[in-house]
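Have a look at structure-v2.pdb; it's PDB, C-alpha atoms:
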```pdb
ATOM      1  CA  MET A  13       7.586 -34.500  14.457
ATOM      2  CA  ALA A  14       5.997 -32.094  11.930
ATOM      3  CA  SER A  15       2.388 -32.808  11.092
ATOM      4  CA  LYS A  16       1.519 -33.940   7.577
ATOM      5  CA  PRO A  17       0.514 -30.994   5.363
ATOM      6  CA  ASP A  18      -3.113 -30.693   4.246
ATOM      7  CA  GLU A  19      -1.836 -30.455   0.660
ATOM      8  CA  THR A  20       1.154 -29.290  -1.388
ATOM      9  CA  ARG A  21       1.140 -26.756  -4.236
ATOM     10  CA  ASP A  22       4.161 -25.832  -6.340
ATOM     11  CA  GLY A  23       6.312 -27.719  -3.820
ATOM     12  CA  VAL A  24       4.983 -25.682  -0.863
ATOM     13  CA  PRO A  25       3.450 -27.693   2.023
ATOM     14  CA  LEU A  26       0.193 -26.049   3.136
ATOM     15  CA  THR A  27      -0.972 -26.649   6.711
ATOM     16  CA  ASN A  28      -3.995 -25.994   8.958
ATOM     17  CA  LEU A  29      -6.083 -24.796   6.031
ATOM     18  CA  GLY A  30      -9.358 -25.176   7.915
ATOM     19  CA  GLN A  31      -8.445 -22.674  10.632
ATOM     20  CA  PRO A  32     -10.298 -19.330  10.776
ATOM     21  CA  LEU A  33      -8.078 -16.624   9.292
ATOM     22  CA  PHE A  34      -8.730 -14.010  12.012
ATOM     23  CA  ASP A  35     -11.682 -12.763  14.050
ATOM     24  CA  GLY A  36     -14.253 -11.268  11.692
ATOM     25  CA  ALA A  37     -12.445 -12.436   8.554
ATOM     26  CA  GLU A  38     -15.409 -14.519   7.351
ATOM     27  CA  ALA A  39     -12.683 -16.667   5.807
ATOM     28  CA  THR A  40     -10.360 -19.567   6.578
ATOM     29  CA  LYS A  41      -6.673 -19.936   5.892
ATOM     30  CA  ARG A  42      -7.648 -22.047   2.863
ATOM     31  CA  ASP A  43      -9.692 -19.106   1.537
ATOM     32  CA  LEU A  44      -6.574 -16.910   1.764
ATOM     33  CA  VAL A  45      -4.384 -19.500   0.015
ATOM     34  CA  ASP A  46      -7.004 -20.115  -2.700
ATOM     35  CA  TYR A  47      -7.480 -16.371  -3.251
ATOM     36  CA  LEU A  48      -3.767 -15.574  -3.583
ATOM     37  CA  ASP A  49      -3.280 -18.571  -5.864
ATOM     38  CA  ALA A  50      -6.204 -17.482  -8.067
ATOM     39  CA  VAL A  51      -4.835 -13.921  -8.489
ATOM     40  CA  HIS A  52      -1.114 -14.738  -8.355
ATOM     41  CA  GLU A  53      -0.391 -13.441 -11.855
ATOM     42  CA  GLN A  54      -2.099 -10.105 -11.152
ATOM     43  CA  ILE A  55      -0.731  -9.475  -7.645
ATOM     44  CA  LEU A  56       2.817 -10.503  -8.581
ATOM     45  CA  GLY A  57       2.870  -7.677 -11.127
ATOM     46  CA  GLY A  58       2.959  -5.177  -8.261
ATOM     47  CA  LEU A  59       5.267  -7.209  -5.984
ATOM     48  CA  ARG A  60       7.998  -8.401  -8.336
ATOM     49  CA  ASP A  61      11.528  -7.136  -7.484
ATOM     50  CA  ARG A  62      10.204  -4.860  -4.722
ATOM     51  CA  PRO A  63      11.335  -5.330  -1.094
ATOM     52  CA  LEU A  64       8.230  -6.652   0.643
ATOM     53  CA  SER A  65       6.716  -6.135   4.086
ATOM     54  CA  VAL A  66       3.762  -8.330   5.040
ATOM     55  CA  ILE A  67       1.218  -8.256   7.837
ATOM     56  CA  ARG A  68       0.772 -11.696   9.356
ATOM     57  CA  VAL A  69      -1.733 -12.980  11.876
ATOM     58  CA  ARG A  70      -1.240 -16.087  13.982
ATOM     59  CA  PRO A  71      -4.116 -17.797  15.823
ATOM     60  CA  GLY A  72      -4.836 -16.049  19.123
ATOM     61  CA  GLN A  73      -2.153 -13.391  18.635
ATOM     62  CA  PRO A  74      -2.210  -9.757  17.496
ATOM     63  CA  ALA A  75      -1.327  -9.130  13.860
ATOM     64  CA  PHE A  76       2.240  -7.954  13.221
ATOM     65  CA  MET A  77       4.206  -6.466  10.336
ATOM     66  CA  GLN A  78       7.152  -8.553   9.172
ATOM     67  CA  LYS A  79       9.961  -6.861   7.259
ATOM     68  CA  ASN A  80      12.995  -8.992   8.092
ATOM     69  CA  VAL A  81      12.505 -12.551   6.810
ATOM     70  CA  PRO A  82      12.510 -15.199   9.583
ATOM     71  CA  LYS A  83      15.449 -17.599  10.012
ATOM     72  CA  TYR A  84      13.373 -20.540   8.754
ATOM     73  CA  THR A  85      12.706 -18.886   5.359
ATOM     74  CA  PRO A  86      13.465 -21.397   2.552
ATOM     75  CA  ASP A  87      16.646 -20.684   0.623
ATOM     76  CA  TRP A  88      14.659 -20.445  -2.634
ATOM     77  CA  VAL A  89      12.910 -17.272  -1.401
ATOM     78  CA  ARG A  90      14.891 -14.419  -2.913
ATOM     79  CA  THR A  91      15.926 -11.708  -0.452
ATOM     80  CA  VAL A  92      17.634  -8.339  -0.649
ATOM     81  CA  PRO A  93      19.408  -6.387   2.134
ATOM     82  CA  MET A  94      18.132  -2.861   2.727
ATOM     83  CA  TRP A  95      19.117  -0.296   5.359
ATOM     84  CA  ALA A  96      16.260   0.571   7.740
ATOM     85  CA  GLU A  97      16.727   4.128   8.951
ATOM     86  CA  ALA A  98      14.136   3.790  11.734
ATOM     87  CA  SER A  99      15.802   0.804  13.418
ATOM     88  CA  LYS A 100      19.356   1.668  12.239
ATOM     89  CA  ARG A 101      20.039  -1.816  10.932
ATOM     90  CA  GLU A 102      20.168  -3.797   7.749
ATOM     91  CA  VAL A 103      16.970  -5.697   7.056
ATOM     92  CA  SER A 104      16.701  -8.737   4.795
ATOM     93  CA  TYR A 105      13.538  -8.220   2.766
ATOM     94  CA  ALA A 106      11.870 -10.901   0.675
ATOM     95  CA  LEU A 107      11.274 -10.397  -3.038
ATOM     96  CA  CYS A 108       7.973 -12.068  -3.890
ATOM     97  CA  ASN A 109       8.661 -12.809  -7.541
ATOM     98  CA  ASP A 110       6.812 -16.057  -8.206
ATOM     99  CA  ARG A 111       3.807 -18.190  -7.312
ATOM    100  CA  ARG A 112       5.864 -20.494  -5.064
ATOM    101  CA  THR A 113       7.015 -17.593  -2.863
ATOM    102  CA  LEU A 114       3.497 -16.168  -2.703
ATOM    103  CA  LEU A 115       2.101 -19.547  -1.602
ATOM    104  CA  TRP A 116       4.804 -19.783   1.058
ATOM    105  CA  PHE A 117       3.759 -16.373   2.410
ATOM    106  CA  ALA A 118       0.106 -17.440   2.324
ATOM    107  CA  ASN A 119       0.980 -20.510   4.401
ATOM    108  CA  GLN A 120       2.713 -18.163   6.871
ATOM    109  CA  ARG A 121      -0.686 -16.421   7.204
ATOM    110  CA  ALA A 122       0.596 -13.260   5.527
ATOM    111  CA  VAL A 123      -2.658 -11.435   4.815
ATOM    112  CA  GLU A 124      -1.428  -7.998   3.666
ATOM    113  CA  TYR A 125       1.292  -7.292   1.063
ATOM    114  CA  HIS A 126       3.105  -3.944   1.230
ATOM    115  CA  PRO A 127       5.849  -3.526  -1.409
ATOM    116  CA  THR A 128       8.152  -0.522  -1.629
ATOM    117  CA  LEU A 129       7.792   2.092  -4.357
ATOM    118  CA  VAL A 130      11.376   1.314  -5.441
ATOM    119  CA  ARG A 131      12.719  -1.788  -7.139
ATOM    120  CA  ALA A 132      15.666  -3.714  -5.731
ATOM    121  CA  GLY A 133      18.908  -2.331  -7.130
ATOM    122  CA  ASN A 134      17.377   1.021  -8.113
ATOM    123  CA  TRP A 135      16.941   2.534  -4.658
ATOM    124  CA  GLN A 136      17.023   6.214  -5.608
ATOM    125  CA  HIS A 137      14.295   6.140  -8.254
ATOM    126  CA  PRO A 138      10.752   5.323  -7.087
ATOM    127  CA  THR A 139       8.506   4.118  -9.879
ATOM    128  CA  HIS A 140       5.296   5.770  -8.656
ATOM    129  CA  LEU A 141       4.050   8.822  -6.839
ATOM    130  CA  VAL A 142       1.194   7.919  -4.452
ATOM    131  CA  LEU A 143      -1.556   9.900  -2.742
ATOM    132  CA  ASP A 144      -3.438   8.082   0.020
ATOM    133  CA  LEU A 145      -6.922   9.573   0.431
ATOM    134  CA  ASP A 146      -8.229   8.924   3.916
ATOM    135  CA  PRO A 147     -11.811   9.946   4.769
ATOM    136  CA  PRO A 148     -12.585  10.753   8.409
ATOM    137  CA  LEU A 149     -14.995   7.838   8.969
ATOM    138  CA  PRO A 150     -15.319   4.311   7.515
ATOM    139  CA  ASP A 151     -18.754   5.047   5.997
ATOM    140  CA  GLN A 152     -17.566   8.165   4.133
ATOM    141  CA  PHE A 153     -16.085   6.533   1.045
ATOM    142  CA  ASP A 154     -18.081   9.020  -1.049
ATOM    143  CA  LEU A 155     -15.873  11.796   0.358
ATOM    144  CA  ALA A 156     -12.766   9.862  -0.683
ATOM    145  CA  VAL A 157     -14.221   9.608  -4.206
ATOM    146  CA  ARG A 158     -14.710  13.384  -4.340
ATOM    147  CA  ALA A 159     -11.148  13.887  -3.096
ATOM    148  CA  ALA A 160      -9.847  11.515  -5.780
ATOM    149  CA  GLU A 161     -11.544  13.641  -8.440
ATOM    150  CA  LEU A 162      -9.806  16.695  -6.931
ATOM    151  CA  VAL A 163      -6.440  14.953  -7.202
ATOM    152  CA  ARG A 164      -7.239  13.896 -10.762
ATOM    153  CA  GLN A 165      -7.965  17.540 -11.645
ATOM    154  CA  VAL A 166      -4.669  18.677 -10.085
ATOM    155  CA  LEU A 167      -2.788  15.989 -12.010
ATOM    156  CA  ALA A 168      -4.480  16.916 -15.302
ATOM    157  CA  GLU A 169      -3.600  20.593 -14.808
ATOM    158  CA  ALA A 170       0.026  19.534 -14.263
ATOM    159  CA  GLY A 171      -0.017  17.377 -17.405
ATOM    160  CA  LEU A 172      -0.027  14.115 -15.428
ATOM    161  CA  ALA A 173      -2.342  11.095 -15.216
ATOM    162  CA  GLY A 174      -2.825   8.379 -12.607
ATOM    163  CA  ALA A 175      -4.748   5.229 -11.780
ATOM    164  CA  VAL A 176      -6.940   4.722  -8.711
ATOM    165  CA  LYS A 177      -7.737   1.751  -6.480
ATOM    166  CA  THR A 178      -9.558   1.174  -3.231
ATOM    167  CA  SER A 179      -7.137   0.962  -0.311
ATOM    168  CA  GLY A 180      -9.006  -2.072   0.999
ATOM    169  CA  ALA A 181      -9.681  -0.059   4.156
ATOM    170  CA  LYS A 182     -11.843   3.072   4.018
ATOM    171  CA  GLY A 183     -10.157   5.189   1.353
ATOM    172  CA  LEU A 184      -8.458   5.306  -2.027
ATOM    173  CA  HIS A 185      -4.923   5.255  -3.430
ATOM    174  CA  VAL A 186      -3.980   7.296  -6.508
ATOM    175  CA  PHE A 187      -0.815   6.027  -8.261
ATOM    176  CA  VAL A 188       1.093   8.161 -10.772
ATOM    177  CA  PRO A 189       3.867   6.300 -12.635
ATOM    178  CA  VAL A 190       7.034   8.417 -13.045
ATOM    179  CA  ASP A 191      10.153   8.057 -15.171
ATOM    180  CA  ASP A 192      13.561   7.281 -13.728
ATOM    181  CA  GLN A 193      14.752  10.898 -14.002
ATOM    182  CA  SER A 194      13.080  11.751 -10.680
ATOM    183  CA  THR A 195      14.991  11.305  -7.430
ATOM    184  CA  MET A 196      13.333  10.238  -4.208
ATOM    185  CA  GLU A 197      13.462  13.859  -2.974
ATOM    186  CA  ASP A 198      11.886  15.184  -6.207
ATOM    187  CA  LEU A 199       9.082  12.676  -5.947
ATOM    188  CA  ALA A 200       8.391  13.449  -2.285
ATOM    189  CA  ALA A 201       8.303  17.182  -3.059
ATOM    190  CA  ALA A 202       5.930  16.720  -6.014
ATOM    191  CA  THR A 203       3.615  14.591  -3.871
ATOM    192  CA  ARG A 204       3.431  17.361  -1.254
ATOM    193  CA  ALA A 205       2.675  19.933  -3.969
ATOM    194  CA  ILE A 206      -0.146  17.841  -5.460
ATOM    195  CA  ALA A 207      -1.732  17.458  -2.011
ATOM    196  CA  ALA A 208      -1.400  21.195  -1.332
ATOM    197  CA  ARG A 209      -2.967  22.074  -4.687
ATOM    198  CA  GLY A 210      -5.838  19.687  -3.985
ATOM    199  CA  GLU A 211      -6.446  21.302  -0.614
ATOM    200  CA  ARG A 212      -6.478  24.771  -2.222
ATOM    201  CA  LEU A 213      -9.009  23.627  -4.829
ATOM    202  CA  ASP A 214     -11.545  22.580  -2.175
ATOM    203  CA  PRO A 215     -10.482  23.414   1.398
ATOM    204  CA  ALA A 216     -13.935  22.433   2.696
ATOM    205  CA  LEU A 217     -13.410  18.846   1.486
ATOM    206  CA  ALA A 218      -9.672  18.175   1.651
ATOM    207  CA  THR A 219      -6.864  18.783   4.120
ATOM    208  CA  THR A 220      -3.137  18.142   4.340
ATOM    209  CA  ALA A 221      -3.188  18.312   8.168
ATOM    210  CA  PHE A 222      -1.109  15.376   9.398
ATOM    211  CA  ILE A 223      -2.400  15.643  12.986
ATOM    212  CA  ARG A 224      -5.775  13.895  13.067
ATOM    213  CA  GLU A 225      -7.450  16.364  15.453
ATOM    214  CA  ASP A 226      -6.720  19.206  13.010
ATOM    215  CA  ARG A 227      -8.614  17.651  10.071
ATOM    216  CA  ASP A 228     -12.109  18.890  10.999
ATOM    217  CA  GLY A 229     -13.957  16.012   9.330
ATOM    218  CA  LYS A 230     -12.172  16.445   5.991
ATOM    219  CA  VAL A 231     -10.440  13.911   3.739
ATOM    220  CA  PHE A 232      -6.721  13.686   4.519
ATOM    221  CA  LEU A 233      -4.583  13.959   1.367
ATOM    222  CA  ASP A 234      -1.656  11.943   2.674
ATOM    223  CA  SER A 235       1.521  12.876   0.817
ATOM    224  CA  THR A 236       3.861  10.854   3.051
ATOM    225  CA  ARG A 237       3.841   7.653   0.952
ATOM    226  CA  ALA A 238       7.073   8.608  -0.735
ATOM    227  CA  GLY A 239      10.688   7.533  -0.653
ATOM    228  CA  GLY A 240      11.177   4.279   1.211
ATOM    229  CA  ALA A 241       7.526   4.015   2.221
ATOM    230  CA  THR A 242       5.361   1.011   1.419
ATOM    231  CA  VAL A 243       1.761   0.891   0.198
ATOM    232  CA  ALA A 244      -0.681  -2.018   0.154
ATOM    233  CA  SER A 245      -0.414  -3.516  -3.317
ATOM    234  CA  ALA A 246      -3.256  -3.820  -5.770
ATOM    235  CA  TYR A 247      -5.124  -7.082  -5.063
ATOM    236  CA  SER A 248      -3.713  -7.342  -1.521
ATOM    237  CA  PRO A 249      -6.207  -8.587   1.075
ATOM    238  CA  ARG A 250      -6.542  -6.390   4.167
ATOM    239  CA  LEU A 251      -6.918  -7.315   7.830
ATOM    240  CA  ARG A 252     -10.414  -5.917   8.097
ATOM    241  CA  PRO A 253     -13.827  -7.487   8.747
ATOM    242  CA  GLY A 254     -14.833  -9.568   5.740
ATOM    243  CA  THR A 255     -11.232  -9.583   4.386
ATOM    244  CA  PRO A 256     -11.619  -6.851   1.751
ATOM    245  CA  VAL A 257      -9.125  -6.429  -1.100
ATOM    246  CA  SER A 258      -7.398  -3.336  -2.504
ATOM    247  CA  PHE A 259      -8.963  -3.229  -5.963
ATOM    248  CA  PRO A 260      -8.519  -1.069  -9.091
ATOM    249  CA  VAL A 261     -11.499   1.041 -10.116
ATOM    250  CA  GLY A 262     -11.777   2.962 -13.390
ATOM    251  CA  TRP A 263     -12.164   6.725 -12.913
ATOM    252  CA  GLU A 264     -15.528   6.530 -14.672
ATOM    253  CA  ASP A 265     -16.693   3.801 -12.250
ATOM    254  CA  LEU A 266     -15.688   5.472  -8.974
ATOM    255  CA  ASP A 267     -19.124   6.901  -8.182
ATOM    256  CA  ALA A 268     -20.713   3.443  -8.332
ATOM    257  CA  ALA A 269     -17.939   1.638  -6.431
ATOM    258  CA  SER A 270     -18.271   0.319  -2.898
ATOM    259  CA  PRO A 271     -15.205  -1.041  -1.059
ATOM    260  CA  GLY A 272     -17.286  -3.891   0.371
ATOM    261  CA  ASP A 273     -17.793  -5.283  -3.148
ATOM    262  CA  PHE A 274     -14.153  -6.384  -3.300
ATOM    263  CA  THR A 275     -13.235  -9.282  -0.996
ATOM    264  CA  ILE A 276     -11.149 -12.448  -1.261
ATOM    265  CA  HIS A 277     -14.398 -14.257  -2.087
ATOM    266  CA  THR A 278     -15.551 -11.957  -4.910
ATOM    267  CA  VAL A 279     -12.385 -10.658  -6.592
ATOM    268  CA  PRO A 280     -11.299 -13.795  -8.514
ATOM    269  CA  GLY A 281     -14.697 -13.864 -10.235
ATOM    270  CA  LEU A 282     -14.519 -10.139 -10.998
ATOM    271  CA  LEU A 283     -11.042 -10.463 -12.506
ATOM    272  CA  GLY A 284     -11.061 -13.613 -14.581
ATOM    273  CA  ASP A 285      -7.891 -13.349 -16.670
ATOM    274  CA  ARG A 286      -7.871  -9.532 -16.656
ATOM    275  CA  ASP A 287      -5.446  -7.245 -14.815
ATOM    276  CA  PRO A 288      -7.279  -3.891 -14.631
ATOM    277  CA  TRP A 289      -4.487  -2.335 -12.541
ATOM    278  CA  ALA A 290      -1.950  -2.913 -15.304
ATOM    279  CA  ASP A 291      -4.500  -1.919 -17.970
ATOM    280  CA  GLN A 292      -5.405   1.368 -16.259
ATOM    281  CA  MET A 293      -1.854   2.434 -15.363
ATOM    282  CA  PRO A 294      -0.552   5.242 -17.617
ATOM    283  CA  SER A 295       2.991   5.138 -19.008
ATOM    284  CA  PRO A 296       5.769   6.619 -16.808
ATOM    285  CA  GLN A 297       5.768  10.436 -16.875
ATOM    286  CA  ARG A 298       8.277  13.170 -16.189
ATOM    287  CA  LEU A 299       7.509  15.295 -13.125
ATOM    288  CA  PRO A 300       7.037  18.983 -14.014
ATOM    289  CA  ASP A 301       9.788  21.208 -12.596
ATOM    290  CA  ASP A 302       7.326  23.723 -11.138
ATOM    291  CA  LEU A 303       5.567  20.965  -9.187
ATOM    292  CA  VAL A 304       8.848  19.794  -7.680
ATOM    293  CA  GLU A 305       9.930  23.365  -6.854
ATOM    294  CA  GLU A 306       6.605  24.159  -5.179
ATOM    295  CA  GLY A 307       6.850  20.999  -3.095
ATOM    296  CA  ARG A 308      10.381  21.736  -1.913
ATOM    297  CA  ALA A 309       9.042  24.804  -0.099
ATOM    298  CA  ILE A 310       6.374  22.751   1.727
ATOM    299  CA  PRO A 311       7.476  21.261   5.079
ATOM    300  CA  ILE A 312       7.546  17.459   5.361
ATOM    301  CA  ALA A 313       4.268  16.562   7.090
ATOM    302  CA  ARG A 314       5.635  14.016   9.578
ATOM    303  CA  VAL A 315       8.459  16.311  10.673
ATOM    304  CA  GLN A 316       6.150  19.306  10.950
ATOM    305  CA  ALA A 317       3.636  17.244  12.973
ATOM    306  CA  MET A 318       6.370  16.016  15.312
ATOM    307  CA  HIS A 319       7.496  19.586  16.068
ATOM    308  CA  GLU A 320       3.903  20.757  16.463
ATOM    309  CA  GLY A 321       3.149  17.859  18.836
ATOM    310  CA  LYS A 322       6.122  18.823  20.996
ATOM    311  CA  ARG A 323       5.025  22.486  20.959
ATOM    312  CA  ARG A 324       1.492  21.560  22.076
ATOM    313  CA  ALA A 325       2.789  19.271  24.816
ATOM    314  CA  ARG A 326       5.008  22.099  26.055
ATOM    315  CA  ALA A 327       2.066  24.530  26.004
ATOM    316  CA  ARG A 328      -0.060  22.086  28.038
ATOM    317  CA  ARG A 329       2.689  21.698  30.627
ATOM    318  CA  GLU A 330       3.070  25.439  30.934
TER     319      GLU A 330
END
```
Take the structure in the file and write it out as structure tokens.
Amino acid sequence: MASKPDETRDGVPLTNLGQPLFDGAEATKRDLVDYLDAVHEQILGGLRDRPLSVIRVRPGQPAFMQKNVPKYTPDWVRTVPMWAEASKREVSYALCNDRRTLLWFANQRAVEYHPTLVRAGNWQHPTHLVLDLDPPLPDQFDLAVRAAELVRQVLAEAGLAGAVKTSGAKGLHVFVPVDDQSTMEDLAAATRAIAARGERLDPALATTAFIREDRDGKVFLDSTRAGGATVASAYSPRLRPGTPVSFPVGWEDLDAASPGDFTIHTVPGLLGDRDPWADQMPSPQRLPDDLVEEGRAIPIARVQAMHEGKRRARARRE
């Protein structure tokens, strides 16, 4: 017989709220539920109508990413089928479009929220171009800030503008909203070109090297978050010590920002009724043709790295 829920919100039974969330979280399951409920209007803005992957953590078990919804998912959770190229199968993704669905995910101990860059029903037209700026070490956020300014300069020179947020881990995400004239391939090419231009501007700071050992202590300008990729949403908690949150930062405030300032305990008070991510996001923009053309000539980083890895393995064997 199922145990009685601790409480019910929006028709969702909430259970075991006093349990620790995960080792080092400095938070309980109730803290997660309360946080997501407090920011539901803001976080749903980035999740609505987008196929969603979540990272869940069960007591005593390793965290895992869930794409396909489990069989016990309530029938009121909206889902959408999507072909997964990696596993060669159709996956039933949830669409987290309302508070009730978000609370259900919270009760499933879904800590991280990773929506796609496409909306359901408009698969070929991503809504944003994304650069993930990854410093070499966790305590080098200042390098990520400098890299973000590089990317901002590249964007400005191309006639584009973006918004920036902490990743909730050690780096930053720059989002550039694009119009629906750009195909997935155009967007991926433009992302590669922006990263390459950033690297050329300051090769001592930034690198596009996909293989970690080739980065030489530089910030990785990751251009691979394109197409069907997912990115941690604004306001998503992260499975890191202290349960930090991916949080929008104004360009003018980047120098003073510290990722540790934004956690599930502090963010509701920082937000109030505001949604800085929506406020800071520019209107959708058309990708310049020269940016797309330049990017088409740049090899896809993952593919290039795979071939290079095989070449190095062969050289070691020989």
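Closest approach to Pro271 (chain A) among A:Arg212, A:Leu233, A:Pro311, A:Phe153 is made by A:Phe153 (distances from all atoms listed in the file).
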Check your understanding: Taking the file as shown, what set of residues would the PyMOL selection byres ((chain A and resi 53) around 12) give back, as an MDAnalysis selection string?
Key -> chainID A and resid 47:52 54:60 108:112 114 246:247 280 283:287 289:290
Exercise for review: To verify the selection step, state as number ranges by chain which residues the PyMOL selection byres ((chain A and resi 68-77) around 7) yields on this input.
Suggested key: A: 65-67, 78-79, 121-123
**Study point:** CA of Thr203 (chain A) to CA of Phe259 (chain A), distance in Å rounded to a single decimal
**Key:** 21.9 Å
Could you please give me, as a PDB file with C-alpha atoms, in the coordinates of the input, the residues of protein, DNA or RNA lying at most 10 Å from (10.0, 14.4, -0.2) in the coordinate frame of the file, considering only C-alpha atoms?
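Final output, saved to result38.pdb:
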```pdb
ATOM      1  CA  THR A 195      14.991  11.305  -7.430  1.00  0.00           C
ATOM      2  CA  MET A 196      13.333  10.238  -4.208  1.00  0.00           C
ATOM      3  CA  GLU A 197      13.462  13.859  -2.974  1.00  0.00           C
ATOM      4  CA  ASP A 198      11.886  15.184  -6.207  1.00  0.00           C
ATOM      5  CA  LEU A 199       9.082  12.676  -5.947  1.00  0.00           C
ATOM      6  CA  ALA A 200       8.391  13.449  -2.285  1.00  0.00           C
ATOM      7  CA  ALA A 201       8.303  17.182  -3.059  1.00  0.00           C
ATOM      8  CA  ALA A 202       5.930  16.720  -6.014  1.00  0.00           C
ATOM      9  CA  THR A 203       3.615  14.591  -3.871  1.00  0.00           C
ATOM     10  CA  ARG A 204       3.431  17.361  -1.254  1.00  0.00           C
ATOM     11  CA  ALA A 205       2.675  19.933  -3.969  1.00  0.00           C
ATOM     12  CA  SER A 235       1.521  12.876   0.817  1.00  0.00           C
ATOM     13  CA  THR A 236       3.861  10.854   3.051  1.00  0.00           C
ATOM     14  CA  ARG A 237       3.841   7.653   0.952  1.00  0.00           C
ATOM     15  CA  ALA A 238       7.073   8.608  -0.735  1.00  0.00           C
ATOM     16  CA  GLY A 239      10.688   7.533  -0.653  1.00  0.00           C
ATOM     17  CA  VAL A 304       8.848  19.794  -7.680  1.00  0.00           C
ATOM     18  CA  GLY A 307       6.850  20.999  -3.095  1.00  0.00           C
ATOM     19  CA  ARG A 308      10.381  21.736  -1.913  1.00  0.00           C
ATOM     20  CA  ILE A 310       6.374  22.751   1.727  1.00  0.00           C
ATOM     21  CA  PRO A 311       7.476  21.261   5.079  1.00  0.00           C
ATOM     22  CA  ILE A 312       7.546  17.459   5.361  1.00  0.00           C
ATOM     23  CA  ALA A 313       4.268  16.562   7.090  1.00  0.00           C
TER      24      ALA A 313
END
```
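Proximity ranking of A:Leu115, A:Ala96, A:Leu149, A:Leu167 relative to Asp22 (chain A) places A:Leu115 first, based on all atoms listed in the file.
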**Study point:** Straight-line distance linking CA of Ile206 (chain A) with CA of Ala268 (chain A), stated in Å to one decimal
**Key:**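 We find that CA of Ile206 (chain A) and CA of Ala268 (chain A) lie 25.3 Å from each other.
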Exercise for review: Just give me the gap between CA of Leu26 (chain A) and CA of Tyr105 (chain A) in Å, one decimal is fine.
Suggested key: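 CA of Tyr105 (chain A) lies at a distance of 22.3 Å from CA of Leu26 (chain A).
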